[in-house]
>>> print(open('start20.tsv').read())   # TSV, C-alpha atoms
chain	number	residue	atom	x	y	z
A	1	MET	CA	-27.08	-111.26	-168.12
A	2	ALA	CA	-25.84	-108.61	-170.54
A	3	GLY	CA	-27.01	-105.89	-168.14
A	4	GLU	CA	-25.18	-107.54	-165.24
A	5	LYS	CA	-21.95	-107.69	-167.28
A	6	ILE	CA	-22.23	-104.00	-168.16
A	7	ASN	CA	-22.86	-103.09	-164.50
A	8	ARG	CA	-19.88	-105.20	-163.44
A	9	LYS	CA	-17.69	-103.50	-166.04
A	10	ASN	CA	-18.82	-100.06	-164.80
A	11	ILE	CA	-18.02	-101.00	-161.22
A	12	PHE	CA	-14.54	-102.26	-162.15
A	13	ARG	CA	-13.94	-99.18	-164.33
A	14	LYS	CA	-14.90	-96.82	-161.48
A	15	LEU	CA	-12.75	-98.79	-159.05
A	16	ALA	CA	-9.78	-98.61	-161.45
A	17	VAL	CA	-10.20	-94.83	-161.83
A	18	PHE	CA	-10.46	-94.40	-158.05
A	19	LEU	CA	-7.28	-96.44	-157.47
A	20	MET	CA	-5.45	-94.25	-160.01
A	21	ILE	CA	-6.61	-91.06	-158.27
A	22	LEU	CA	-6.13	-92.43	-154.73
A	23	GLY	CA	-3.35	-90.69	-152.82
A	24	PRO	CA	-3.39	-86.97	-151.98
A	25	GLY	CA	-6.32	-87.11	-149.54
A	26	ILE	CA	-5.22	-90.26	-147.73
A	27	ILE	CA	-1.58	-89.17	-147.51
A	28	THR	CA	-2.33	-85.64	-146.28
A	29	GLY	CA	-4.83	-86.91	-143.73
A	30	SER	CA	-2.56	-89.66	-142.45
A	31	VAL	CA	0.35	-87.29	-141.86
A	32	ASP	CA	-1.88	-85.66	-139.24
A	33	ASN	CA	-1.05	-88.64	-137.04
A	34	ASP	CA	2.61	-87.68	-136.72
A	35	ALA	CA	4.80	-87.86	-133.61
A	36	GLY	CA	3.19	-84.70	-132.21
A	37	GLY	CA	-0.33	-85.95	-132.92
A	38	ILE	CA	0.36	-89.38	-131.41
A	39	THR	CA	1.76	-87.69	-128.30
A	40	THR	CA	-1.36	-85.50	-127.99
A	41	TYR	CA	-3.74	-88.46	-128.39
A	42	SER	CA	-1.68	-90.55	-125.95
A	43	LEU	CA	-1.75	-87.78	-123.33
A	44	ALA	CA	-5.52	-87.34	-123.76
A	45	GLY	CA	-6.13	-91.06	-123.22
A	46	ALA	CA	-3.73	-91.30	-120.27
A	47	GLN	CA	-5.08	-88.20	-118.50
A	48	TYR	CA	-8.83	-88.32	-119.30
A	49	GLY	CA	-9.57	-91.92	-120.21
A	50	TYR	CA	-12.37	-92.19	-122.76
A	51	GLY	CA	-13.68	-88.74	-121.76
A	52	LEU	CA	-12.35	-86.76	-124.74
A	53	ILE	CA	-12.88	-89.26	-127.56
A	54	TRP	CA	-15.92	-87.21	-128.67
A	55	THR	CA	-13.59	-84.43	-129.89
A	56	LEU	CA	-12.68	-86.62	-132.88
A	57	ILE	CA	-16.16	-86.09	-134.38
A	58	PRO	CA	-15.91	-82.28	-134.88
A	59	SER	CA	-12.26	-82.77	-135.85
A	60	PHE	CA	-13.35	-85.10	-138.67
A	61	VAL	CA	-15.91	-82.59	-139.99
A	62	VAL	CA	-13.37	-79.75	-140.00
A	63	LEU	CA	-10.76	-81.88	-141.75
A	64	VAL	CA	-13.13	-82.95	-144.55
A	65	VAL	CA	-14.44	-79.41	-145.18
A	66	ILE	CA	-11.02	-77.73	-145.34
A	67	GLN	CA	-9.35	-80.43	-147.46
A	68	GLU	CA	-12.23	-80.55	-149.95
A	69	MET	CA	-11.96	-76.82	-150.60
A	70	ASN	CA	-8.20	-77.07	-150.86
A	71	ALA	CA	-8.31	-79.91	-153.41
A	72	ARG	CA	-11.02	-78.19	-155.47
A	73	MET	CA	-8.96	-75.00	-155.66
A	74	GLY	CA	-5.90	-76.96	-156.83
A	75	ILE	CA	-7.84	-78.86	-159.49
A	76	VAL	CA	-9.62	-75.77	-160.89
A	77	THR	CA	-6.67	-73.36	-160.93
A	78	GLY	CA	-3.79	-75.76	-161.54
A	79	LYS	CA	-1.79	-73.54	-159.18
A	80	GLY	CA	-0.36	-74.11	-155.73
A	81	LEU	CA	-1.78	-72.22	-152.75
A	82	ALA	CA	1.43	-70.18	-152.40
A	83	ASP	CA	1.17	-69.09	-156.04
A	84	LEU	CA	-2.41	-67.93	-155.53
A	85	ILE	CA	-1.65	-66.12	-152.27
A	86	ARG	CA	1.29	-64.28	-153.86
A	87	GLU	CA	-0.76	-63.25	-156.91
A	88	ASN	CA	-3.76	-62.06	-154.88
A	89	ALA	CA	-2.49	-61.04	-151.43
A	90	GLY	CA	0.91	-59.66	-152.40
A	91	ILE	CA	4.52	-60.26	-151.45
A	92	LYS	CA	4.27	-59.08	-147.83
A	93	ILE	CA	1.67	-61.68	-146.76
A	94	THR	CA	3.47	-64.36	-148.78
A	95	PHE	CA	6.81	-63.50	-147.15
A	96	LEU	CA	5.25	-63.57	-143.66
A	97	ILE	CA	3.85	-67.04	-144.29
A	98	PHE	CA	7.15	-68.11	-145.90
A	99	ILE	CA	9.23	-67.16	-142.84
A	100	GLY	CA	6.75	-68.71	-140.41
A	101	LEU	CA	6.32	-71.91	-142.39
A	102	LEU	CA	10.07	-72.34	-142.82
A	103	PHE	CA	10.76	-72.17	-139.06
A	104	SER	CA	7.66	-74.24	-138.32
A	105	GLY	CA	8.74	-76.84	-140.89
A	106	ILE	CA	12.17	-77.20	-139.28
A	107	GLY	CA	10.62	-77.44	-135.79
A	108	ASN	CA	8.00	-79.98	-136.85
A	109	THR	CA	10.52	-82.10	-138.76
A	110	THR	CA	12.79	-82.08	-135.70
A	111	THR	CA	9.85	-83.40	-133.66
A	112	GLU	CA	9.41	-86.24	-136.20
A	113	PHE	CA	13.06	-87.24	-135.91
A	114	ALA	CA	12.59	-87.19	-132.14
A	115	GLY	CA	9.77	-89.69	-132.73
A	116	VAL	CA	12.12	-91.87	-134.80
A	117	ALA	CA	14.74	-91.77	-132.04
A	118	GLY	CA	12.24	-92.45	-129.23
A	119	SER	CA	10.47	-95.34	-130.97
A	120	MET	CA	13.73	-97.08	-131.88
A	121	GLU	CA	15.03	-96.73	-128.31
A	122	VAL	CA	12.10	-98.96	-127.26
A	123	PHE	CA	13.76	-101.65	-129.45
A	124	GLY	CA	17.21	-100.86	-128.01
A	125	VAL	CA	18.51	-98.91	-131.03
A	126	SER	CA	20.49	-95.71	-130.32
A	127	LYS	CA	19.36	-92.42	-131.90
A	128	TYR	CA	22.88	-92.02	-133.27
A	129	ILE	CA	22.13	-95.02	-135.51
A	130	SER	CA	18.39	-94.68	-136.23
A	131	VAL	CA	18.22	-90.96	-137.05
A	132	PRO	CA	21.05	-90.84	-139.68
A	133	ILE	CA	19.82	-94.04	-141.38
A	134	VAL	CA	16.21	-92.80	-141.58
A	135	GLY	CA	17.37	-89.35	-142.73
A	136	ILE	CA	19.38	-90.87	-145.62
A	137	LEU	CA	16.55	-93.22	-146.66
A	138	VAL	CA	14.00	-90.39	-146.63
A	139	TRP	CA	16.34	-88.20	-148.70
A	140	LEU	CA	16.92	-90.96	-151.27
A	141	LEU	CA	13.17	-91.63	-151.58
A	142	VAL	CA	12.39	-88.00	-152.41
A	143	VAL	CA	15.47	-86.92	-154.37
A	144	LYS	CA	16.11	-90.12	-156.34
A	145	GLY	CA	12.55	-91.46	-156.61
A	146	THR	CA	9.50	-90.36	-158.65
A	147	TYR	CA	6.15	-89.03	-157.48
A	148	LYS	CA	4.46	-92.35	-158.32
A	149	THR	CA	7.01	-94.40	-156.34
A	150	ALA	CA	6.90	-92.03	-153.37
A	151	GLU	CA	3.10	-92.00	-153.35
A	152	ARG	CA	2.90	-95.81	-153.25
A	153	ILE	CA	5.29	-95.93	-150.30
A	154	PHE	CA	3.34	-93.16	-148.55
A	155	LEU	CA	0.11	-95.16	-148.98
A	156	ILE	CA	1.78	-98.22	-147.41
A	157	PHE	CA	2.85	-95.99	-144.51
A	158	SER	CA	-0.77	-94.80	-144.16
A	159	VAL	CA	-2.08	-98.36	-143.91
A	160	SER	CA	0.71	-99.31	-141.46
A	161	LEU	CA	-0.66	-96.78	-138.97
A	162	LEU	CA	-3.60	-99.15	-138.44
A	163	THR	CA	-1.25	-101.21	-136.23
A	164	TYR	CA	-2.64	-99.02	-133.42
A	165	VAL	CA	-5.87	-101.01	-133.71
A	166	VAL	CA	-3.95	-104.10	-132.53
A	167	SER	CA	-2.33	-102.20	-129.66
A	168	ALA	CA	-5.70	-100.86	-128.50
A	169	ILE	CA	-7.49	-104.22	-128.62
A	170	MET	CA	-4.71	-105.84	-126.58
A	171	GLY	CA	-5.45	-103.26	-123.89
A	172	LYS	CA	-8.95	-104.83	-123.48
A	173	PRO	CA	-10.98	-101.61	-123.71
A	174	ASP	CA	-14.47	-101.15	-122.24
A	175	TRP	CA	-16.57	-100.65	-125.37
A	176	HIS	CA	-19.67	-99.77	-123.33
A	177	ASP	CA	-17.88	-96.84	-121.67
A	178	ILE	CA	-16.47	-95.76	-125.04
A	179	GLY	CA	-19.98	-95.71	-126.52
A	180	LEU	CA	-21.28	-93.62	-123.60
A	181	SER	CA	-18.47	-91.09	-124.00
A	182	LEU	CA	-19.50	-90.60	-127.66
A	183	ILE	CA	-23.25	-90.42	-127.02
A	184	HIS	CA	-23.06	-88.31	-123.85
A	185	PRO	CA	-19.85	-86.26	-124.08
A	186	LYS	CA	-18.68	-84.69	-120.83
A	187	MET	CA	-15.77	-82.43	-119.99
A	188	GLU	CA	-14.54	-80.85	-116.80
A	189	VAL	CA	-14.22	-77.08	-117.10
A	190	SER	CA	-10.60	-76.22	-116.34
A	191	THR	CA	-7.66	-74.61	-118.08
A	192	LYS	CA	-5.91	-77.98	-118.34
A	193	SER	CA	-8.85	-79.83	-119.93
A	194	MET	CA	-9.61	-76.92	-122.27
A	195	ALA	CA	-5.98	-76.86	-123.40
A	196	MET	CA	-6.19	-80.59	-124.12
A	197	VAL	CA	-9.38	-80.18	-126.19
A	198	ILE	CA	-7.74	-77.35	-128.12
A	199	GLY	CA	-4.71	-79.56	-128.71
A	200	LEU	CA	-6.86	-82.46	-129.94
A	201	VAL	CA	-8.93	-80.41	-132.38
A	202	GLY	CA	-6.01	-78.16	-133.36
A	203	THR	CA	-3.69	-81.05	-134.18
A	204	THR	CA	-6.15	-82.11	-136.91
A	205	ILE	CA	-5.27	-79.23	-139.22
A	206	ALA	CA	-2.01	-77.36	-139.74
A	207	PRO	CA	-0.86	-74.67	-142.22
A	208	TRP	CA	1.55	-76.96	-144.09
A	209	MET	CA	-1.30	-79.37	-144.96
A	210	GLN	CA	-3.00	-76.86	-147.22
A	211	PHE	CA	0.15	-76.31	-149.30
A	212	TYR	CA	1.01	-80.00	-149.58
A	213	MET	CA	-2.55	-81.05	-150.46
A	214	GLN	CA	-2.89	-78.51	-153.25
A	215	SER	CA	0.58	-79.25	-154.63
A	216	SER	CA	0.03	-83.01	-154.64
A	217	VAL	CA	-3.34	-82.65	-156.42
A	218	ILE	CA	-1.61	-80.59	-159.12
A	219	GLU	CA	1.36	-82.96	-159.35
A	220	LYS	CA	-1.01	-85.88	-159.86
A	221	GLY	CA	-2.70	-83.97	-162.71
A	222	LEU	CA	-6.27	-84.31	-161.42
A	223	LYS	CA	-9.18	-82.66	-163.29
A	224	MET	CA	-12.73	-81.66	-162.31
A	225	GLN	CA	-14.13	-84.76	-164.00
A	226	ASN	CA	-12.24	-86.67	-161.31
A	227	TYR	CA	-13.76	-84.55	-158.52
A	228	ASN	CA	-16.07	-87.22	-157.05
A	229	TYR	CA	-13.19	-89.69	-156.83
A	230	THR	CA	-10.97	-87.04	-155.27
A	231	LEU	CA	-13.67	-86.28	-152.70
A	232	THR	CA	-13.88	-89.99	-151.88
A	233	ASP	CA	-10.08	-90.07	-151.48
A	234	ILE	CA	-10.29	-87.15	-149.05
A	235	ILE	CA	-13.11	-88.72	-147.01
A	236	VAL	CA	-11.31	-92.08	-146.83
A	237	GLY	CA	-8.14	-90.27	-145.71
A	238	CYS	CA	-10.04	-88.38	-143.00
A	239	ILE	CA	-11.69	-91.60	-141.79
A	240	ILE	CA	-8.30	-93.34	-141.53
A	241	THR	CA	-6.93	-90.32	-139.65
A	242	VAL	CA	-9.74	-90.33	-137.09
A	243	VAL	CA	-9.78	-94.13	-136.72
A	244	VAL	CA	-6.03	-94.18	-135.95
A	245	ALA	CA	-6.43	-91.31	-133.48
A	246	PHE	CA	-9.38	-93.12	-131.85
A	247	PHE	CA	-7.42	-96.33	-131.25
A	248	ILE	CA	-4.37	-94.46	-129.92
A	249	MET	CA	-6.61	-92.77	-127.35
A	250	VAL	CA	-8.33	-96.08	-126.54
A	251	ALA	CA	-4.99	-97.89	-126.08
A	252	CYS	CA	-3.83	-95.35	-123.48
A	253	ALA	CA	-7.25	-94.84	-121.88
A	254	SER	CA	-7.66	-98.60	-121.31
A	255	THR	CA	-4.27	-99.14	-119.70
A	256	LEU	CA	-2.53	-95.97	-118.49
A	257	TYR	CA	-5.56	-94.02	-117.21
A	258	PRO	CA	-6.89	-96.68	-114.75
A	259	ASN	CA	-3.36	-97.10	-113.35
A	260	HIS	CA	-2.77	-93.32	-113.02
A	261	ILE	CA	0.39	-93.49	-115.12
A	262	GLU	CA	1.67	-90.10	-116.29
A	263	ILE	CA	3.50	-89.71	-119.58
A	264	ASN	CA	5.22	-86.82	-121.36
A	265	ALA	CA	5.71	-88.28	-124.85
A	266	ALA	CA	4.49	-91.06	-127.15
A	267	LYS	CA	7.64	-93.07	-126.34
A	268	ASP	CA	6.60	-93.07	-122.64
A	269	ALA	CA	3.20	-94.48	-123.64
A	270	ALA	CA	4.84	-97.34	-125.55
A	271	LEU	CA	7.10	-98.20	-122.59
A	272	SER	CA	4.24	-97.93	-120.07
A	273	LEU	CA	2.09	-100.36	-122.06
A	274	ARG	CA	4.66	-103.16	-121.59
A	275	PRO	CA	3.76	-104.19	-118.00
A	276	LEU	CA	0.03	-103.50	-118.52
A	277	ALA	CA	-0.82	-104.95	-121.95
A	278	GLY	CA	2.24	-107.04	-122.72
A	279	ASN	CA	5.50	-106.64	-124.62
A	280	LEU	CA	3.81	-107.08	-128.02
A	281	ALA	CA	1.37	-104.22	-127.40
A	282	SER	CA	4.30	-102.00	-126.41
A	283	GLN	CA	6.29	-102.91	-129.52
A	284	VAL	CA	3.28	-102.46	-131.83
A	285	PHE	CA	2.68	-98.99	-130.37
A	286	ALA	CA	6.36	-98.08	-130.80
A	287	PHE	CA	6.35	-99.43	-134.37
A	288	GLY	CA	3.34	-97.24	-135.19
A	289	LEU	CA	5.20	-94.23	-133.80
A	290	PHE	CA	8.25	-95.14	-135.91
A	291	ILE	CA	6.22	-95.41	-139.12
A	292	ALA	CA	4.32	-92.18	-138.41
A	293	SER	CA	7.55	-90.31	-137.69
A	294	ILE	CA	9.27	-91.47	-140.90
A	295	PHE	CA	6.14	-90.67	-142.90
A	296	SER	CA	5.87	-87.14	-141.49
A	297	ALA	CA	9.64	-86.52	-141.63
A	298	THR	CA	9.27	-87.06	-145.38
A	299	ILE	CA	6.10	-85.02	-145.99
A	300	LEU	CA	6.62	-81.97	-143.72
A	301	PRO	CA	9.84	-80.74	-145.37
A	302	LEU	CA	8.27	-81.49	-148.75
A	303	ALA	CA	5.31	-79.23	-147.95
A	304	THR	CA	7.68	-76.47	-146.86
A	305	ALA	CA	9.84	-76.83	-149.98
A	306	PHE	CA	6.74	-76.77	-152.22
A	307	PHE	CA	5.48	-73.56	-150.61
A	308	VAL	CA	8.77	-71.67	-150.71
A	309	CYS	CA	9.45	-72.60	-154.33
A	310	GLU	CA	5.91	-71.74	-155.43
A	311	ALA	CA	6.08	-68.42	-153.54
A	312	PHE	CA	9.28	-67.39	-155.34
A	313	GLY	CA	8.50	-68.94	-158.72
A	314	PHE	CA	11.08	-71.76	-158.56
A	315	GLU	CA	10.47	-75.15	-160.16
A	316	ALA	CA	9.21	-77.81	-157.73
A	317	GLY	CA	8.05	-81.42	-157.90
A	318	LEU	CA	9.10	-84.99	-157.20
A	319	ASP	CA	9.04	-85.88	-160.89
A	320	LYS	CA	11.66	-83.25	-161.68
A	321	LYS	CA	15.37	-84.04	-161.60
A	322	TRP	CA	17.87	-82.21	-159.38
A	323	ASP	CA	19.04	-79.89	-162.18
A	324	GLU	CA	15.44	-79.05	-163.12
A	325	ALA	CA	14.39	-78.11	-159.57
A	326	LYS	CA	17.67	-77.35	-157.79
A	327	GLU	CA	16.21	-74.86	-155.27
A	328	PHE	CA	13.43	-77.30	-154.34
A	329	TYR	CA	15.80	-80.18	-153.58
A	330	ILE	CA	18.41	-77.99	-151.84
A	331	LEU	CA	15.74	-76.59	-149.51
A	332	TYR	CA	14.34	-80.07	-148.81
A	333	THR	CA	17.82	-81.42	-148.08
A	334	GLY	CA	18.65	-78.45	-145.85
A	335	ILE	CA	15.53	-78.92	-143.68
A	336	LEU	CA	16.29	-82.64	-143.27
A	337	VAL	CA	19.93	-82.06	-142.33
A	338	ILE	CA	19.18	-79.28	-139.82
A	339	SER	CA	16.31	-81.22	-138.18
A	340	ALA	CA	18.20	-84.51	-137.92
A	341	GLY	CA	21.30	-82.63	-136.73
A	342	ILE	CA	19.38	-81.01	-133.84
A	343	ILE	CA	18.28	-84.45	-132.60
A	344	MET	CA	21.90	-85.62	-132.59
A	345	ILE	CA	22.89	-82.82	-130.18
A	346	PRO	CA	23.01	-84.18	-126.59
A	347	ASN	CA	20.28	-82.64	-124.37
A	348	ALA	CA	18.74	-80.68	-127.24
A	349	PRO	CA	15.71	-78.60	-126.04
A	350	LEU	CA	13.16	-80.72	-127.92
A	351	ILE	CA	10.18	-79.68	-125.78
A	352	LYS	CA	10.87	-75.98	-126.45
A	353	ILE	CA	11.33	-76.64	-130.17
A	354	SER	CA	8.02	-78.53	-130.30
A	355	LEU	CA	6.24	-75.79	-128.32
A	356	TRP	CA	7.51	-72.96	-130.51
A	357	SER	CA	6.65	-74.82	-133.73
A	358	GLN	CA	3.08	-75.18	-132.38
A	359	VAL	CA	2.96	-71.47	-131.53
A	360	ILE	CA	4.09	-70.57	-135.06
A	361	ASN	CA	1.47	-72.96	-136.50
A	362	GLY	CA	-1.17	-71.29	-134.33
A	363	ILE	CA	-0.24	-67.83	-135.64
A	364	LEU	CA	-0.02	-68.94	-139.28
A	365	LEU	CA	-3.20	-71.02	-139.39
A	366	PRO	CA	-5.71	-68.11	-139.35
A	367	VAL	CA	-3.72	-66.24	-142.03
A	368	VAL	CA	-3.61	-69.28	-144.33
A	369	LEU	CA	-7.26	-70.28	-143.82
A	370	VAL	CA	-8.66	-66.77	-144.29
A	371	SER	CA	-6.54	-66.37	-147.45
A	372	MET	CA	-7.86	-69.70	-148.71
A	373	MET	CA	-11.52	-68.82	-148.01
A	374	LEU	CA	-11.18	-65.47	-149.79
A	375	LEU	CA	-9.48	-67.08	-152.80
A	376	ILE	CA	-12.00	-69.89	-153.23
A	377	ASN	CA	-14.87	-67.36	-153.35
A	378	LYS	CA	-13.36	-65.29	-156.17
A	379	LYS	CA	-15.12	-66.02	-159.49
A	380	LYS	CA	-12.10	-64.61	-161.31
A	381	ILE	CA	-10.08	-67.53	-159.89
A	382	MET	CA	-12.65	-70.32	-159.45
A	383	GLY	CA	-15.28	-69.51	-162.10
A	384	ILE	CA	-18.44	-71.59	-161.50
A	385	TYR	CA	-16.61	-73.64	-158.84
A	386	VAL	CA	-16.71	-71.00	-156.12
A	387	ASN	CA	-18.18	-72.13	-152.80
A	388	LYS	CA	-21.92	-72.63	-152.55
A	389	LYS	CA	-23.73	-70.80	-149.74
A	390	ALA	CA	-23.92	-73.92	-147.53
A	391	THR	CA	-20.22	-74.66	-148.04
A	392	ASN	CA	-19.36	-71.07	-147.12
A	393	ILE	CA	-21.35	-71.30	-143.90
A	394	ILE	CA	-19.56	-74.52	-142.94
A	395	GLY	CA	-16.19	-73.22	-144.14
A	396	TRP	CA	-16.31	-69.85	-142.35
A	397	THR	CA	-17.67	-71.50	-139.20
A	398	ALA	CA	-14.74	-73.94	-139.28
A	399	VAL	CA	-12.33	-71.05	-139.84
A	400	VAL	CA	-13.77	-69.01	-136.94
A	401	VAL	CA	-13.67	-72.05	-134.63
A	402	LEU	CA	-10.09	-72.88	-135.62
A	403	ILE	CA	-9.00	-69.27	-135.19
A	404	GLY	CA	-10.63	-69.26	-131.74
A	405	LEU	CA	-8.89	-72.50	-130.81
A	406	SER	CA	-5.55	-71.24	-132.09
A	407	ALA	CA	-5.93	-68.01	-130.11
A	408	ALA	CA	-6.93	-69.93	-126.99
A	409	LEU	CA	-3.94	-72.24	-127.44
A	410	LEU	CA	-1.69	-69.19	-127.19
A	411	ILE	CA	-3.60	-67.41	-124.40
A	412	LEU	CA	-4.43	-70.31	-122.03
A	413	PRO	CA	-0.83	-71.03	-120.97
A	414	ILE	CA	-0.42	-67.35	-120.02
A	415	LEU	CA	-3.66	-67.33	-117.99
A	416	SER	CA	-2.72	-70.55	-116.16
A	417	ARG	CA	0.52	-69.05	-114.75
>>> encode(input="start20.tsv", output="C-alpha cells")
Amino acid sequence: MAGEKINRKNIFRKLAVFLMILGPGIITGSVDNDAGGITTYSLAGAQYGYGLIWTLIPSFVVLVVIQEMNARMGIVTGKGLADLIRENAGIKITFLIFIGLLFSGIGNTTTEFAGVAGSMEVFGVSKYISVPIVGILVWLLVVKGTYKTAERIFLIFSVSLLTYVVSAIMGKPDWHDIGLSLIHPKMEVSTKSMAMVIGLVGTTIAPWMQFYMQSSVIEKGLKMQNYNYTLTDIIVGCIITVVVAFFIMVACASTLYPNHIEINAAKDAALSLRPLAGNLASQVFAFGLFIASIFSATILPLATAFFVCEAFGFEAGLDKKWDEAKEFYILYTGILVISAGIIMIPNAPLIKISLWSQVINGILLPVVLVSMMLLINKKKIMGIYVNKKATNIIGWTAVVVLIGLSAALLILPILSR
C-alpha cells in the first residue's frame, strides 16, 4: 500500500510539472494550422480526395525534429535564435533575415486577418466589424496581459481547433479508403500535384516558428532538467497539429471531392460544406477558421517582434511593461495595424500578398535552418548538448529536403507557364 501511494504521488508530481511546462510546443505547433494552412489542407482534400493524406506522416517527423533542436538550443543558451545568429553569423545575415521576416510577418498576418474576415462572413458579419474588433482584442491581450495569461488563452485556442474533428465526421468519411491511402500512398506525377505536396509539407514549418519557439522557451524559464517534459510538450503539439490537418483534409475529401467542387480559399470550403454536410458542419468549419486566424494573428507578429528586438538588442517579452520594452510593443502594434488596415481596403490584392509572403518564407527558410544546424553543433555554444550523430543525420536530411521543397516551390510555377 505504501509503495502504491508513493507511485501515485510520483505520477501526480510528474503530471503537475508537465502542466506547468506545457505551452511552447503545443502553441507553436498549433499555429501551423493558420488560415494559410487550413486553405492548403482544404484544397488538397477538395482536389485529391484522400490521396495526399500520407504527406502528413513525413511532415510530422520534420516538425518534431526541428522543434526539438530549437527548444534545446533555447534552454541551453538562454538566448533567442536571433541573438545567436547575430553573434555567430554577423550583422549582414541577421539584417537579411530581419528584412525578410518583417515583410513576411506583415504578409502572413494580413492573411490571418483575411481568415477572420472570411470566416465571419459565413455568419453574416461584415469584415468592417470583425477585423477591427479582433485587432483590438488581440492587441489588448498582448500589450495589457502577461505571458501566463496569454499562454492559457493560446492553449484554449489550440484545443478549439479540434472542432474540425466534428466537421469531418459529419461529412461521413470512408475510413477504409483513408486507411488504404496511408498504407499504400499514391500520387500522380504532374506539376500541379507536386506543387500541392510541396505546399502540404512546406506549410508545416516556417522561419518565424523557430524564433517564436526559442523565445517562448526562454520566456517560460525552462531548464535542461525539464527537457523530457519539454520534449513531450513538443510531441503533443505536433500530434495536435497533424490531427487537425488530417481532419480538415478528410472533411473536404469526403464532401467536396466526390462532388467536383472547386474552392480557392478556406472560406469557400466552409460555404461549400453547407449543402453537402449540413449547416452545422459549415459553421463548425468556419468557426475553426476563425479561431485559427485569431490565434495566428496574435502569434505571427509576436514572433516577428521577438526576432527584430533580439537582433538589435532591444528588450522584448510579454511580461515586460510598455515602458520596459517600448520597441517590442511599438513593432507589434505596427504590424497589427498595417495588416488589419490592408484587409479593410476594398479589393485589396490578398492573393498576391499571400503568394509573396510564401515566396519570402521559401527564401528565408534555408538560411534560418542552416544557421540553426550550424549553431546547435558548436560545442562553444551548446557544450555537451550538441547534436548526437543520429540527430544530425535526421536534422540535415530534414534541412536538405525542406530546402529542396522550398526551391521547388519557387521553380515549379515558372516551369508550369
>>> atom_distance(input="start20.tsv", atom1="CA of Ile205 (chain A)", atom2="CA of Ile360 (chain A)")
13.4 Å
>>> closest_atom_pairs(input="start20.tsv", of="region 283-335 of chain A", to="region 37-43 of chain A", cutoff="12 Å", atoms="only C-alpha atoms", output="JSON lines")
{"residue": "A:Phe285", "atom": "CA", "partner": "A:Ile38", "partner_atom": "CA", "distance": 9.9}
{"residue": "A:Ala286", "atom": "CA", "partner": "A:Ile38", "partner_atom": "CA", "distance": 10.6}
{"residue": "A:Gly288", "atom": "CA", "partner": "A:Ile38", "partner_atom": "CA", "distance": 9.2}
{"residue": "A:Leu289", "atom": "CA", "partner": "A:Ile38", "partner_atom": "CA", "distance": 7.3}
{"residue": "A:Phe290", "atom": "CA", "partner": "A:Ile38", "partner_atom": "CA", "distance": 10.8}
{"residue": "A:Ile291", "atom": "CA", "partner": "A:Ile38", "partner_atom": "CA", "distance": 11.4}
{"residue": "A:Ala292", "atom": "CA", "partner": "A:Ile38", "partner_atom": "CA", "distance": 8.5}
{"residue": "A:Ser293", "atom": "CA", "partner": "A:Ile38", "partner_atom": "CA", "distance": 9.6}
{"residue": "A:Ser296", "atom": "CA", "partner": "A:Gly37", "partner_atom": "CA", "distance": 10.6}
>>> closest_residue(input="start20.tsv", among="A:Val76, A:Leu364, A:Ile178, A:Val165", to="Ala253 (chain A)", atoms="all atoms listed in the file")
A:Ile178
>>> residues_around(input="start20.tsv", residues="Ile335 (chain A)", least_positions_apart="5", cutoff="12 Å", atoms="all atoms listed in the file", output="list in words")
Leu101, Leu102, Phe103, Ser104, Gly105, Ile106, Gly107, Asn108, Thr109, Thr110, Phe113, Gly135, Val138, Trp139, Ala297, Thr298, Ile299, Leu300, Pro301, Leu302, Ala303, Thr304, Ala305, Phe328, Tyr329, Ile330, Ala340, Gly341 and Ile342 of chain A
>>> residues_around(input="start20.tsv", residues="Ile136 (chain A)", least_positions_apart="3", cutoff="12 Å", atoms="all atoms listed in the file", output="list in words")
Ile129, Ser130, Val131, Pro132, Ile133, Trp139, Leu140, Leu141, Val142, Val143, Lys144, Ile294, Ala297, Thr298, Thr333, Leu336, Val337 and Ala340 of chain A
>>> residues_around(input="start20.tsv", residues="Ile93 (chain A)", least_positions_apart="5", cutoff="10 Å", atoms="all atoms listed in the file", output="list of chain:residue names")
A:Ile85, A:Arg86, A:Asn88, A:Phe98, A:Val367, A:Val368, A:Ser371
>>> atom_distance(input="start20.tsv", atom1="CA of Ser215 (chain A)", atom2="CA of Gly80 (chain A)")
5.3 Å
>>> residues_around(input="start20.tsv", residues="region 377-384 of chain A", least_positions_apart="4", cutoff="8 Å", atoms="all atoms listed in the file", output="list of chain:residue names")
A:Met73, A:Val76, A:Thr77, A:Met373
>>> closest_residue(input="start20.tsv", among="A:Ile26, A:Ile91, A:Val65, A:Val125", to="Val217 (chain A)", atoms="all atoms listed in the file")
A:Ile26
>>> closest_atom_pairs(input="start20.tsv", of="region 43-79 of chain A", to="region 220-238 of chain A", cutoff="10 Å", atoms="only C-alpha atoms", output="tab-separated table")
residue	atom	partner	partner_atom	distance
A:Ser59	CA	A:Cys238	CA	9.4
A:Phe60	CA	A:Cys238	CA	6.4
A:Val61	CA	A:Cys238	CA	8.8
A:Val62	CA	A:Cys238	CA	9.7
A:Leu63	CA	A:Cys238	CA	6.7
A:Val64	CA	A:Ile235	CA	6.3
A:Val65	CA	A:Ile235	CA	9.6
A:Gln67	CA	A:Ile234	CA	7.0
A:Glu68	CA	A:Leu231	CA	6.5
A:Met69	CA	A:Leu231	CA	9.8
A:Ala71	CA	A:Thr230	CA	7.8
A:Arg72	CA	A:Tyr227	CA	7.6
A:Gly74	CA	A:Leu222	CA	8.7
A:Ile75	CA	A:Lys223	CA	5.5
A:Val76	CA	A:Met224	CA	6.8
A:Thr77	CA	A:Lys223	CA	9.9
A:Gly78	CA	A:Gly221	CA	8.4
>>> atom_distance(input="start20.tsv", atom1="CA of Trp322 (chain A)", atom2="CA of Gly334 (chain A)")
14.1 Å
>>> closest_residue(input="start20.tsv", among="A:Val399, A:Val122, A:Val308, A:Ala325", to="Asn279 (chain A)", atoms="only C-alpha atoms")
A:Val122
